[in-house]
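Structure file final.cif (mmCIF, C-alpha atoms) follows.
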```cif
data_upload
#
loop_
_atom_site.label_atom_id
_atom_site.label_comp_id
_atom_site.auth_asym_id
_atom_site.auth_seq_id
_atom_site.Cartn_x
_atom_site.Cartn_y
_atom_site.Cartn_z
CA MET A 1 -11.76 4.92 2.75
CA LEU A 2 -10.90 4.33 -0.89
CA ALA A 3 -9.44 7.06 -3.10
CA ASP A 4 -8.98 6.61 -6.85
CA SER A 5 -9.77 8.78 -9.85
CA ASP A 6 -9.65 5.93 -12.39
CA GLN A 7 -12.37 3.92 -14.05
CA VAL A 8 -12.39 0.14 -14.24
CA ASP A 9 -10.70 -1.07 -17.41
CA LEU A 10 -10.88 -4.55 -18.90
CA THR A 11 -7.17 -5.00 -18.12
CA ASN A 12 -7.90 -4.55 -14.38
CA LEU A 13 -10.11 -7.63 -14.13
CA GLN A 14 -7.37 -10.25 -14.11
CA ARG A 15 -5.62 -8.78 -11.05
CA GLN A 16 -8.13 -6.60 -9.17
CA ILE A 17 -10.67 -9.01 -7.73
CA LEU A 18 -13.27 -6.48 -6.60
CA TYR A 19 -14.25 -5.80 -10.21
CA ARG A 20 -16.36 -7.78 -12.66
CA THR A 21 -17.01 -7.41 -16.38
CA ASP A 22 -20.06 -5.26 -15.66
CA SER A 23 -17.79 -2.90 -13.65
CA VAL A 24 -15.86 -1.86 -16.78
CA GLY A 25 -16.30 1.85 -17.40
CA ASN A 26 -17.51 2.60 -13.86
CA ALA A 27 -15.53 4.53 -11.29
CA LYS A 28 -13.20 2.13 -9.46
CA VAL A 29 -14.19 3.45 -6.04
CA ASP A 30 -17.91 2.98 -6.74
CA ALA A 31 -17.43 -0.55 -8.04
CA ALA A 32 -15.17 -1.41 -5.09
CA ARG A 33 -17.60 0.04 -2.55
CA SER A 34 -20.47 -1.92 -4.09
CA ALA A 35 -18.49 -5.18 -4.05
CA LEU A 36 -17.35 -4.68 -0.44
CA GLN A 37 -20.85 -3.83 0.75
CA THR A 38 -22.20 -6.92 -1.02
CA LEU A 39 -19.69 -9.02 0.92
CA ASN A 40 -20.50 -7.25 4.20
CA PRO A 41 -23.45 -4.83 4.30
CA GLU A 42 -22.26 -3.49 7.67
CA VAL A 43 -18.96 -2.18 6.31
CA ASP A 44 -18.75 1.60 5.94
CA VAL A 45 -16.81 2.55 2.82
CA THR A 46 -16.11 6.16 1.92
CA ALA A 47 -15.32 6.49 -1.78
CA LEU A 48 -13.37 9.47 -3.08
CA LYS A 49 -13.43 9.70 -6.89
CA GLU A 50 -10.29 11.76 -7.05
CA ARG A 51 -6.54 11.62 -6.99
CA VAL A 52 -5.82 12.82 -3.49
CA GLY A 53 -3.41 15.72 -3.39
CA ALA A 54 -0.53 16.03 -0.96
CA LYS A 55 -2.40 18.63 1.13
CA ASP A 56 -5.41 16.31 1.55
CA VAL A 57 -3.44 13.21 2.53
CA GLU A 58 -2.75 14.33 6.09
CA ALA A 59 -6.43 15.00 6.86
CA LEU A 60 -7.41 11.57 5.50
CA VAL A 61 -4.61 9.76 7.37
CA ALA A 62 -5.66 11.50 10.59
CA ARG A 63 -9.03 9.70 10.34
CA ALA A 64 -7.45 6.24 10.01
CA TYR A 65 -6.16 3.81 12.61
CA VAL A 66 -3.94 2.05 10.07
CA VAL A 67 -3.13 3.04 6.47
CA LEU A 68 -2.75 0.54 3.65
CA ASP A 69 -0.72 1.81 0.71
CA CYS A 70 -1.90 0.06 -2.43
CA SER A 71 -0.75 2.79 -4.79
CA ASP A 72 1.36 2.37 -7.89
CA ASN A 73 3.60 5.43 -7.74
CA PHE A 74 6.32 6.86 -5.53
CA PRO A 75 4.89 10.38 -5.03
CA THR A 76 1.74 8.89 -3.46
CA ARG A 77 3.74 6.45 -1.35
CA HIS A 78 5.95 9.25 -0.06
CA ALA A 79 2.99 11.54 0.67
CA LEU A 80 1.32 8.76 2.68
CA ASN A 81 4.58 8.07 4.50
CA ARG A 82 5.08 11.74 5.46
CA ALA A 83 1.54 11.93 6.85
CA CYS A 84 1.91 8.65 8.74
CA VAL A 85 5.22 9.78 10.24
CA LYS A 86 3.77 13.13 11.30
CA LEU A 87 0.66 11.55 12.83
CA ALA A 88 2.36 8.37 14.16
CA LYS A 89 0.05 6.05 12.20
CA PRO A 90 1.03 2.54 11.10
CA LEU A 91 1.55 2.17 7.36
CA VAL A 92 1.22 -1.20 5.60
CA SER A 93 2.92 -0.97 2.22
CA GLY A 94 2.59 -3.52 -0.56
CA ALA A 95 3.75 -3.46 -4.16
CA ALA A 96 3.89 -5.87 -7.10
CA ILE A 97 5.41 -5.67 -10.57
CA ARG A 98 6.11 -8.39 -13.10
CA PHE A 99 6.70 -11.54 -10.96
CA GLU A 100 8.03 -9.75 -7.86
CA ALA A 101 6.31 -8.30 -4.83
CA GLN A 102 7.23 -6.74 -1.53
CA LEU A 103 5.51 -6.02 1.74
CA MET A 104 6.50 -4.09 4.85
CA VAL A 105 4.86 -2.52 7.88
CA PHE A 106 6.09 0.84 9.07
CA ASP A 107 4.69 1.03 12.61
CA LEU A 108 5.32 4.70 13.18
CA ARG A 109 3.93 4.55 16.71
CA ARG A 110 7.29 2.98 17.64
CA ASP A 111 10.28 5.27 18.08
CA ASP A 112 12.70 2.72 16.60
CA ALA A 113 10.62 1.95 13.50
CA PRO A 114 11.92 2.92 10.06
CA CYS A 115 9.67 4.85 7.70
CA TYR A 116 9.18 4.28 3.97
CA ALA A 117 11.77 6.99 3.18
CA CYS A 118 14.40 5.13 5.24
CA LEU A 119 14.07 2.33 2.70
CA PHE A 120 13.33 4.40 -0.41
CA PRO A 121 14.59 7.98 0.12
CA GLU A 122 12.50 10.65 -1.57
CA ASP A 123 15.53 12.03 -3.38
CA GLY A 124 16.86 8.57 -4.28
CA GLU A 125 17.36 7.26 -7.77
CA VAL A 126 14.35 4.98 -8.27
CA GLU A 127 13.02 3.78 -11.58
CA GLU A 128 9.27 4.44 -11.71
CA VAL A 129 7.81 1.22 -13.09
CA GLN A 130 4.05 0.78 -13.43
CA CYS A 131 2.11 -2.37 -14.12
CA SER A 132 0.23 -0.67 -16.95
CA ALA A 133 3.54 -0.58 -18.86
CA MET A 134 5.45 -3.54 -17.38
CA GLY A 135 2.66 -5.92 -16.43
CA VAL A 136 2.13 -7.91 -13.27
CA PHE A 137 1.51 -11.61 -12.68
CA ALA A 138 -2.17 -11.44 -11.74
CA PRO A 139 -2.19 -13.78 -8.70
CA LEU A 140 0.64 -11.78 -7.15
CA THR A 141 -1.55 -8.78 -6.35
CA GLY A 142 -3.97 -11.06 -4.51
CA VAL A 143 -1.17 -12.65 -2.50
CA ILE A 144 0.29 -9.32 -1.40
CA GLY A 145 -3.15 -7.77 -0.87
CA ALA A 146 -4.16 -10.64 1.42
CA MET A 147 -0.92 -10.26 3.35
CA GLN A 148 -1.50 -6.50 3.68
CA ALA A 149 -4.95 -7.22 5.08
CA ALA A 150 -3.49 -9.74 7.53
CA GLU A 151 -0.90 -7.23 8.74
CA ALA A 152 -3.56 -4.51 9.14
CA ILE A 153 -5.80 -6.84 11.16
CA LYS A 154 -2.85 -7.83 13.36
CA LEU A 155 -2.14 -4.14 14.04
CA VAL A 156 -5.78 -3.33 14.85
CA ALA A 157 -6.17 -6.42 17.05
CA ALA A 158 -2.70 -6.08 18.62
CA ALA A 159 -2.15 -9.74 17.73
CA GLY A 160 1.12 -11.43 16.89
CA GLU A 161 4.23 -9.74 15.58
CA SER A 162 3.91 -7.30 12.69
CA LEU A 163 6.37 -6.94 9.84
CA SER A 164 7.58 -3.65 11.29
CA GLY A 165 11.27 -3.39 10.47
CA ARG A 166 11.18 -6.33 8.03
CA LEU A 167 10.88 -6.14 4.28
CA VAL A 168 9.38 -9.32 2.83
CA MET A 169 9.98 -9.98 -0.86
CA PHE A 170 8.35 -12.66 -2.97
CA ASP A 171 9.59 -13.97 -6.31
CA ALA A 172 6.60 -15.70 -7.88
CA LYS A 173 8.69 -17.36 -10.61
CA SER A 174 10.65 -19.37 -8.07
CA ALA A 175 8.08 -19.24 -5.24
CA ASP A 176 10.89 -17.89 -3.07
CA TRP A 177 10.25 -15.67 -0.05
CA ARG A 178 13.02 -13.53 1.42
CA SER A 179 12.99 -11.26 4.41
CA VAL A 180 15.50 -8.57 5.33
CA ARG A 181 15.71 -6.33 8.38
CA VAL A 182 15.41 -2.60 7.76
CA LYS A 183 16.68 -0.22 10.40
CA ARG A 184 15.63 3.33 10.93
CA ASP A 185 17.93 5.76 9.12
CA THR A 186 19.01 8.31 11.73
CA SER A 187 19.65 10.82 8.94
CA CYS A 188 16.32 10.22 7.14
CA LYS A 189 14.89 13.52 5.93
CA VAL A 190 11.36 12.42 6.87
CA CYS A 191 11.54 10.66 10.23
CA SER A 192 14.85 11.61 11.84
CA THR A 193 13.33 14.46 13.86
CA ARG A 194 10.56 12.46 15.54
#
```
Could the structure of this file be written out as structure tokens, please?
Amino acid sequence: MLADSDQVDLTNLQRQILYRTDSVGNAKVDAARSALQTLNPEVDVTALKERVGAKDVEALVARAYVVLDCSDNFPTRHALNRACVKLAKPLVSGAAIRFEAQLMVFDLRRDDAPCYACLFPEDGEVEEVQCSAMGVFAPLTGVIGAMQAAEAIKLVAAAGESLSGRLVMFDAKSADWRSVRVKRDTSCKVCSTR
């Protein structure tokens, strides 16, 4: 399922590989569905041409086995996290801005797993930075997107060890990868009661 209310803009083409020049002006979800079905006609893609509200998130998450957060804002990330915590669904979160990216799996089927709010509390002081204003090194979104896909496949196939409990950060300027352990916050306002 893809949810997005935006249309493809020329500035999207350098970092969002599902779109082509002839996609400009079309709904992102329609262009993405078309590209994905061209790659694999057997894939079933539901396209929602809307910004999903907080009340709708839970119903959509309930239909998923694993949720990939590819959003660019904290309210959406937190809404997805709350729904995943409530429904015990794994959440694969990726983000990129400028030359930096991060990736983490929140496997909320596990009692000891942290949630997104353990790392970025909803009431925390966080600067909202968007690539439309700050820019993003185009290849970085592909790197993190491919890693998100790999983590989702590992979760679905129960293969290998996921990044649950580990935040991976990539600095594209220095080609440096770092990984830090993230523990569940026992006083987290979102997941402490599960």
Axis-aligned box over every listed atom of range 170-182 of chain A, padded by 6 Å per side: centre and edges in Å to one decimal, as AutoDock Vina command-line options?
```
--center_x 11.2 --center_y -11.0 --center_z -1.1 --size_x 21.1 --size_y 28.8 --size_z 31.0
```
Within 12 Å of Ser71 in chain A using all atoms listed in the file, minus same-chain residues under 4 positions, as a list of chain:residue names: A:Leu2, A:Ala3, A:Asp4, A:Ser5, A:Arg51, A:Val52, A:Val67, A:Pro75, A:Thr76, A:Arg77, A:His78, A:Ala79, A:Leu80, A:Asn81, A:Val92, A:Ser93, A:Gly94, A:Ala95, A:Ala96, A:Ile97, A:Gln130, A:Cys131, A:Thr141, A:Gly145
Fewer than 4 positions away in the same chain doesn't count, so skip those; otherwise give me all residues within 12 Å of Ile153 in chain A, counting all atoms listed in the file, as number ranges by chain. A: 65-68, 90, 92, 105, 146-149, 157-162
Between A:Arg181, A:Ser164, A:Ala35, A:Val57, single out the one closest to Arg110 in chain A, counting only C-alpha atoms.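 Distance minimum relative to Arg110 in chain A lands on A:Ser164.
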Step by step, work through what the PyMOL selection byres ((chain A and resi 114) around 10) selects in the shown file, and finish by giving those residues as a list of chain:residue names.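 With the PyMOL selection byres ((chain A and resi 114) around 10) on this model, the match is A:Val85, A:Val105, A:Phe106, A:Asp107, A:Leu108, A:Arg110, A:Asp111, A:Asp112, A:Ala113, A:Cys115, A:Tyr116, A:Ala117, A:Cys118, A:Leu119, A:Ser164, A:Gly165, A:Arg166, A:Val182, A:Lys183, A:Arg184, A:Asp185, A:Thr186, A:Cys188, A:Cys191, A:Ser192.
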What residues have an atom no more than 8 Å from (9.8, 9.4, -5.0) in the file's own frame, counting all atoms listed in the file, and can you write them as a compact mmCIF listing (two decimals) with C-alpha atoms, in the coordinates of the input?
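Now in out_34.txt:
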```
# COMPACT_ATOMS: atom_id res chain seq x y z
CA ASN A 73 3.60 5.43 -7.74
CA PHE A 74 6.32 6.86 -5.53
CA PRO A 75 4.89 10.38 -5.03
CA ARG A 77 3.74 6.45 -1.35
CA HIS A 78 5.95 9.25 -0.06
CA PHE A 120 13.33 4.40 -0.41
CA PRO A 121 14.59 7.98 0.12
CA GLU A 122 12.50 10.65 -1.57
CA ASP A 123 15.53 12.03 -3.38
CA GLY A 124 16.86 8.57 -4.28
CA VAL A 126 14.35 4.98 -8.27
```
Considering all atoms listed in the file, state which residue in the set A:Asp6, A:Asp22, A:Met104, A:Lys55 is at the smallest distance from Ala150 in chain A.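 Between A:Asp6, A:Asp22, A:Met104, A:Lys55, the residue approaching Ala150 in chain A most closely is A:Met104.
Distance-wise, CA of Cys70 in chain A and CA of Leu155 in chain A end up 17.0 Å apart.
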What is the distance between CA of Cys84 in chain A and CA of Glu58 in chain A, in Å to one decimal? 7.8 Å
